[in-house]
$ cat query.pdb   # PDB, C-alpha atoms, pLDDT in the B column
MODEL        1
ATOM      1  CA  MET A  28      74.742 -48.476 -69.148  1.00 76.00           C
ATOM      2  CA  GLU A  29      74.648 -47.664 -65.448  1.00 83.00           C
ATOM      3  CA  TYR A  30      73.273 -44.190 -66.171  1.00 86.00           C
ATOM      4  CA  LEU A  31      70.458 -45.680 -68.195  1.00 87.00           C
ATOM      5  CA  PHE A  32      69.639 -48.164 -65.421  1.00 82.00           C
ATOM      6  CA  GLU A  33      69.732 -45.365 -62.820  1.00 86.00           C
ATOM      7  CA  PHE A  34      67.508 -43.148 -64.977  1.00 86.00           C
ATOM      8  CA  ILE A  35      64.922 -45.891 -65.489  1.00 84.00           C
ATOM      9  CA  LEU A  36      64.794 -46.772 -61.784  1.00 81.00           C
ATOM     10  CA  GLU A  37      64.533 -43.127 -60.781  1.00 84.00           C
ATOM     11  CA  LEU A  38      61.752 -42.586 -63.293  1.00 84.00           C
ATOM     12  CA  VAL A  39      59.847 -45.648 -62.068  1.00 82.00           C
ATOM     13  CA  PHE A  40      60.172 -44.784 -58.374  1.00 81.00           C
ATOM     14  CA  GLU A  41      59.315 -41.112 -58.812  1.00 83.00           C
ATOM     15  CA  ALA A  42      56.283 -42.005 -60.904  1.00 84.00           C
ATOM     16  CA  SER A  43      55.210 -44.635 -58.370  1.00 83.00           C
ATOM     17  CA  ILE A  44      55.477 -42.183 -55.492  1.00 82.00           C
ATOM     18  CA  GLU A  45      53.494 -39.525 -57.342  1.00 84.00           C
ATOM     19  CA  ILE A  46      50.820 -42.012 -58.417  1.00 85.00           C
ATOM     20  CA  SER A  47      50.488 -43.393 -54.893  1.00 83.00           C
ATOM     21  CA  LYS A  48      49.797 -39.864 -53.573  1.00 82.00           C
ATOM     22  CA  ASN A  49      47.041 -39.175 -56.123  1.00 82.00           C
ATOM     23  CA  SER A  50      43.567 -39.759 -54.709  1.00 82.00           C
ATOM     24  CA  LYS A  51      42.053 -40.163 -58.200  1.00 88.00           C
ATOM     25  CA  ILE A  52      43.818 -43.514 -58.626  1.00 86.00           C
ATOM     26  CA  PRO A  53      41.970 -46.550 -57.160  1.00 89.00           C
ATOM     27  CA  LYS A  54      43.040 -47.553 -53.652  1.00 86.00           C
ATOM     28  CA  CYS A  55      44.087 -51.073 -54.639  1.00 89.00           C
ATOM     29  CA  ILE A  56      46.626 -49.708 -57.134  1.00 87.00           C
ATOM     30  CA  ARG A  57      47.894 -47.081 -54.683  1.00 86.00           C
ATOM     31  CA  TYR A  58      48.301 -49.635 -51.881  1.00 87.00           C
ATOM     32  CA  PHE A  59      50.095 -52.014 -54.228  1.00 89.00           C
ATOM     33  CA  LEU A  60      52.557 -49.288 -55.259  1.00 86.00           C
ATOM     34  CA  ILE A  61      53.098 -48.252 -51.621  1.00 86.00           C
ATOM     35  CA  GLY A  62      53.793 -51.886 -50.760  1.00 88.00           C
ATOM     36  CA  ILE A  63      56.302 -52.279 -53.596  1.00 88.00           C
ATOM     37  CA  ILE A  64      58.123 -49.062 -52.671  1.00 85.00           C
ATOM     38  CA  SER A  65      58.189 -50.005 -48.978  1.00 86.00           C
ATOM     39  CA  LEU A  66      59.425 -53.494 -49.778  1.00 90.00           C
ATOM     40  CA  PHE A  67      62.274 -52.105 -51.876  1.00 86.00           C
ATOM     41  CA  PHE A  68      63.432 -49.768 -49.106  1.00 86.00           C
ATOM     42  CA  ILE A  69      63.137 -52.513 -46.472  1.00 90.00           C
ATOM     43  CA  ILE A  70      65.291 -54.811 -48.618  1.00 92.00           C
ATOM     44  CA  VAL A  71      67.933 -52.100 -49.096  1.00 89.00           C
ATOM     45  CA  MET A  72      68.049 -51.311 -45.361  1.00 91.00           C
ATOM     46  CA  GLY A  73      68.135 -55.022 -44.513  1.00 92.00           C
ATOM     47  CA  PHE A  74      71.062 -55.496 -46.870  1.00 93.00           C
ATOM     48  CA  ILE A  75      72.949 -52.653 -45.171  1.00 91.00           C
ATOM     49  CA  VAL A  76      72.284 -54.231 -41.753  1.00 93.00           C
ATOM     50  CA  LEU A  77      73.456 -57.621 -43.047  1.00 93.00           C
ATOM     51  CA  VAL A  78      76.666 -56.126 -44.412  1.00 94.00           C
ATOM     52  CA  GLY A  79      77.150 -54.302 -41.108  1.00 92.00           C
ATOM     53  CA  ILE A  80      76.715 -57.503 -39.095  1.00 93.00           C
ATOM     54  CA  LEU A  81      79.060 -59.443 -41.372  1.00 93.00           C
ATOM     55  CA  SER A  82      81.698 -56.716 -41.207  1.00 93.00           C
ATOM     56  CA  LEU A  83      81.613 -56.620 -37.393  1.00 91.00           C
ATOM     57  CA  LYS A  84      84.039 -59.550 -37.352  1.00 90.00           C
ATOM     58  CA  LYS A  85      86.704 -57.767 -39.411  1.00 92.00           C
ATOM     59  CA  ASN A  86      86.186 -54.110 -38.558  1.00 91.00           C
ATOM     60  CA  THR A  87      84.035 -53.262 -35.537  1.00 92.00           C
ATOM     61  CA  MET A  88      83.734 -49.532 -36.225  1.00 94.00           C
ATOM     62  CA  LEU A  89      82.626 -50.074 -39.820  1.00 93.00           C
ATOM     63  CA  GLY A  90      80.010 -52.614 -38.743  1.00 92.00           C
ATOM     64  CA  ILE A  91      78.617 -50.303 -36.077  1.00 94.00           C
ATOM     65  CA  LEU A  92      78.623 -47.389 -38.528  1.00 94.00           C
ATOM     66  CA  LEU A  93      76.713 -49.369 -41.153  1.00 93.00           C
ATOM     67  CA  ILE A  94      74.132 -50.530 -38.611  1.00 93.00           C
ATOM     68  CA  LEU A  95      73.667 -46.962 -37.351  1.00 94.00           C
ATOM     69  CA  ILE A  96      73.280 -45.675 -40.911  1.00 93.00           C
ATOM     70  CA  SER A  97      70.605 -48.277 -41.620  1.00 93.00           C
ATOM     71  CA  LEU A  98      68.770 -47.360 -38.413  1.00 93.00           C
ATOM     72  CA  LEU A  99      68.940 -43.688 -39.383  1.00 94.00           C
ATOM     73  CA  LEU A 100      67.532 -44.548 -42.821  1.00 91.00           C
ATOM     74  CA  LEU A 101      64.741 -46.538 -41.170  1.00 90.00           C
ATOM     75  CA  VAL A 102      63.752 -43.655 -38.887  1.00 93.00           C
ATOM     76  CA  LEU A 103      63.874 -41.116 -41.714  1.00 91.00           C
ATOM     77  CA  SER A 104      61.832 -43.424 -43.965  1.00 88.00           C
ATOM     78  CA  ILE A 105      59.147 -43.811 -41.308  1.00 88.00           C
ATOM     79  CA  LEU A 106      58.974 -40.050 -40.773  1.00 90.00           C
ATOM     80  CA  LYS A 107      58.734 -39.423 -44.529  1.00 85.00           C
ATOM     81  CA  PHE A 108      56.056 -42.108 -44.894  1.00 84.00           C
ATOM     82  CA  LYS A 109      54.006 -40.514 -42.129  1.00 86.00           C
ATOM     83  CA  LYS A 110      54.413 -37.080 -43.688  1.00 85.00           C
ATOM     84  CA  VAL A 111      53.377 -38.190 -47.176  1.00 80.00           C
ATOM     85  CA  TYR A 112      50.718 -40.831 -46.594  1.00 79.00           C
ATOM     86  CA  VAL A 113      49.184 -40.352 -43.161  1.00 80.00           C
ATOM     87  CA  ARG A 114      46.658 -37.575 -43.234  1.00 70.00           C
ATOM     88  CA  LYS A 115      46.047 -35.584 -40.111  1.00 59.00           C
ATOM     89  CA  THR A 116      42.433 -35.138 -39.126  1.00 55.00           C
ATOM     90  CA  THR A 117      41.664 -31.880 -37.398  1.00 56.00           C
ATOM     91  CA  LYS A 118      38.537 -31.417 -35.378  1.00 57.00           C
ATOM     92  CA  VAL A 119      37.101 -27.929 -35.218  1.00 55.00           C
TER      93      VAL A 119
ENDMDL
END
$ encode --input "query.pdb" --output "structure tokens"
Amino acid sequence: MEYLFEFILELVFEASIEISKNSKIPKCIRYFLIGIISLFFIIVMGFIVLVGILSLKKNTMLGILLILISLLLLVLSILKFKKVYVRKTTKV
């Protein structure tokens, strides 16, 4: 069952990312998909930060590690977003 759930989510997210990159799709649909994908990743990173903060009381190293991992994911997500969606304009 978990493999089926993983397959469906992977299929949905991969399709959403590819559709959001396609310029033939209307902007309102692309922006909606970008917003949904961004919201999902923000929720996942927020959950990791929350677990890290809650685990600081019991195990300090684990809490710090989880917070650092979530910050690393945030930075890498921003860099990937800029690479995929922000177009560079070159003046000649």
$ residues_around --input "query.pdb" --residues "segment 39-46 of chain A" --least-positions-apart "5" --cutoff "9 Å" --atoms "all atoms listed in the file" --output "list of chain:residue names"
A:Phe34, A:Lys51, A:Ile52, A:Ile56, A:Arg57, A:Leu60, A:Ile61, A:Ile64
$ atom_distance --input "query.pdb" --atom1 "atom CA of Tyr30 of chain A" --atom2 "atom CA of Leu93 of chain A"
25.8 Å
$ closest_residue --input "query.pdb" --among "A:Leu77, A:Ser65, A:Lys84, A:Ile70" --to "Lys107 of chain A" --atoms "all atoms listed in the file"
A:Ser65
$ resolve_selection --input "query.pdb" --expression "the PyMOL selection byres ((chain A and resi 96) around 12)" --output "PDB file with C-alpha atoms, in the frame of the given file"
ATOM      1  CA  VAL A  71      67.933 -52.100 -49.096  1.00 89.00           C
ATOM      2  CA  MET A  72      68.049 -51.311 -45.361  1.00 91.00           C
ATOM      3  CA  GLY A  73      68.135 -55.022 -44.513  1.00 92.00           C
ATOM      4  CA  PHE A  74      71.062 -55.496 -46.870  1.00 93.00           C
ATOM      5  CA  ILE A  75      72.949 -52.653 -45.171  1.00 91.00           C
ATOM      6  CA  VAL A  76      72.284 -54.231 -41.753  1.00 93.00           C
ATOM      7  CA  VAL A  78      76.666 -56.126 -44.412  1.00 94.00           C
ATOM      8  CA  GLY A  79      77.150 -54.302 -41.108  1.00 92.00           C
ATOM      9  CA  LEU A  89      82.626 -50.074 -39.820  1.00 93.00           C
ATOM     10  CA  GLY A  90      80.010 -52.614 -38.743  1.00 92.00           C
ATOM     11  CA  ILE A  91      78.617 -50.303 -36.077  1.00 94.00           C
ATOM     12  CA  LEU A  92      78.623 -47.389 -38.528  1.00 94.00           C
ATOM     13  CA  LEU A  93      76.713 -49.369 -41.153  1.00 93.00           C
ATOM     14  CA  ILE A  94      74.132 -50.530 -38.611  1.00 93.00           C
ATOM     15  CA  LEU A  95      73.667 -46.962 -37.351  1.00 94.00           C
ATOM     16  CA  SER A  97      70.605 -48.277 -41.620  1.00 93.00           C
ATOM     17  CA  LEU A  98      68.770 -47.360 -38.413  1.00 93.00           C
ATOM     18  CA  LEU A  99      68.940 -43.688 -39.383  1.00 94.00           C
ATOM     19  CA  LEU A 100      67.532 -44.548 -42.821  1.00 91.00           C
ATOM     20  CA  LEU A 101      64.741 -46.538 -41.170  1.00 90.00           C
ATOM     21  CA  VAL A 102      63.752 -43.655 -38.887  1.00 93.00           C
ATOM     22  CA  LEU A 103      63.874 -41.116 -41.714  1.00 91.00           C
TER      23      LEU A 103
END
$ closest_residue --input "query.pdb" --among "A:Ser104, A:Ile35, A:Lys109, A:Lys54" --to "Leu66 of chain A" --atoms "only C-alpha atoms"
A:Ser104
$ atom_distance --input "query.pdb" --atom1 "atom CA of Glu29 of chain A" --atom2 "atom CA of Phe67 of chain A"
18.9 Å
$ atom_distance --input "query.pdb" --atom1 "atom CA of Glu37 of chain A" --atom2 "atom CA of Ser82 of chain A"
29.4 Å
